[in-house]
Amino acid sequence: MEFGVGSVVEGKVTGITKFGAFVSLPGGKSGLVHISEIAYSYVSEVSEFLKEGQDVKVKVIGIDDSNRINLSIKKAMDPPPKPEGAPAAGGRAPRPYNNNAGAPRGGSFAPRPAASKEPMDFEDRLKQFMQSSDSKLSELRYIEKKGSSRRGGGRR
């Protein structure tokens, strides 16, 4: 049986590791479900969600140059409904926007873009975190550099 990216197929868990689970697929092929693709909730132990021999429905999310098949269990099912009044993506309730709250002297932060309505996967959340961290580090370095140039001159 041939299948490509986007296909949803039935398989059987054949092995569990710290980083995911191997699944036997039709046609004698097998693929890996990474730990981040097992459930919509946080997974710290794969064995808490899957057992060897368990039948699972998986979605093919990638096939690399070496013909390794990347699978997702969570993308093969509908996302869980959001509870009423749940905080926005990121885990915090929205705050009112104040242009200068917490901003360095003489500057202001730009408002955050509106949160996407789609659930974010691990890679998207990591990318967003890295961009935010880089931005904050750059800003801190700028403030530090600006402050040290004021202090350094004129004292003896």
# chains A, B, ... in the order shown; residues from 1 in each chain; ligands from 1
$ residues_around --residues "Leu25 (chain A)" --least-positions-apart "3" --cutoff "12 Å" --atoms "only C-alpha atoms" --output "ChimeraX atom specification"
/A:1-3,7-14,22,28-33,55-60,69-71
$ closest_residue --among "A:Gln128, A:Phe122, A:Gly4, A:Leu137" --to "Asn67 (chain A)" --atoms "only C-alpha atoms"
A:Gly4
$ closest_residue --among "A:Ile38, A:Asp64, A:Ser138, A:Arg125" --to "Ala76 (chain A)" --atoms "only C-alpha atoms"
A:Ile38
$ residues_around --residues "His34 (chain A)" --least-positions-apart "6" --cutoff "12 Å" --atoms "only C-alpha atoms" --output "ChimeraX atom specification"
/A:16-23,43-46,58,60-62,69-74,122-123
$ write_last_selection --atoms "C-alpha atoms" --output "mmCIF file, in the first residue's frame"
data_model
loop_
_atom_site.group_PDB
_atom_site.id
_atom_site.type_symbol
_atom_site.label_atom_id
_atom_site.label_comp_id
_atom_site.auth_asym_id
_atom_site.auth_seq_id
_atom_site.Cartn_x
_atom_site.Cartn_y
_atom_site.Cartn_z
ATOM 1 C CA ILE A 16 8.500 2.832 22.761
ATOM 2 C CA THR A 17 11.486 5.102 23.413
ATOM 3 C CA LYS A 18 12.140 8.241 25.468
ATOM 4 C CA PHE A 19 11.573 10.388 22.356
ATOM 5 C CA GLY A 20 8.537 8.688 20.813
ATOM 6 C CA ALA A 21 7.058 5.456 19.508
ATOM 7 C CA PHE A 22 7.660 3.319 16.447
ATOM 8 C CA VAL A 23 4.559 2.253 14.549
ATOM 9 C CA VAL A 43 3.732 14.240 27.252
ATOM 10 C CA SER A 44 6.611 13.536 29.616
ATOM 11 C CA GLU A 45 6.467 9.736 29.448
ATOM 12 C CA VAL A 46 5.452 8.072 26.189
ATOM 13 C CA VAL A 58 -1.705 8.042 12.553
ATOM 14 C CA VAL A 60 1.843 10.851 7.787
ATOM 15 C CA ILE A 61 3.360 14.312 8.371
ATOM 16 C CA GLY A 62 6.644 13.831 6.584
ATOM 17 C CA ILE A 69 8.293 8.261 7.824
ATOM 18 C CA ASN A 70 7.291 10.851 10.429
ATOM 19 C CA LEU A 71 3.887 10.279 11.975
ATOM 20 C CA SER A 72 1.442 12.131 14.200
ATOM 21 C CA ILE A 73 -1.267 10.667 16.376
ATOM 22 C CA LYS A 74 -2.661 14.019 17.483
ATOM 23 C CA PHE A 122 5.679 22.373 19.688
ATOM 24 C CA GLU A 123 7.834 23.662 16.827
#
$ atom_distance --atom1 "CA of Gly53 (chain A)" --atom2 "CA of Gly15 (chain A)"
8.4 Å
$ closest_residue --among "A:Val5, A:Gln54, A:Glu37, A:Phe49" --to "Met77 (chain A)" --atoms "only C-alpha atoms"
A:Glu37
$ atom_distance --atom1 "CA of Asp121 (chain A)" --atom2 "CA of Gly6 (chain A)"
16.3 Å
$ closest_residue --among "A:Ser24, A:Gln131, A:Ala39, A:Glu144" --to "Pro79 (chain A)" --atoms "only C-alpha atoms"
A:Ala39
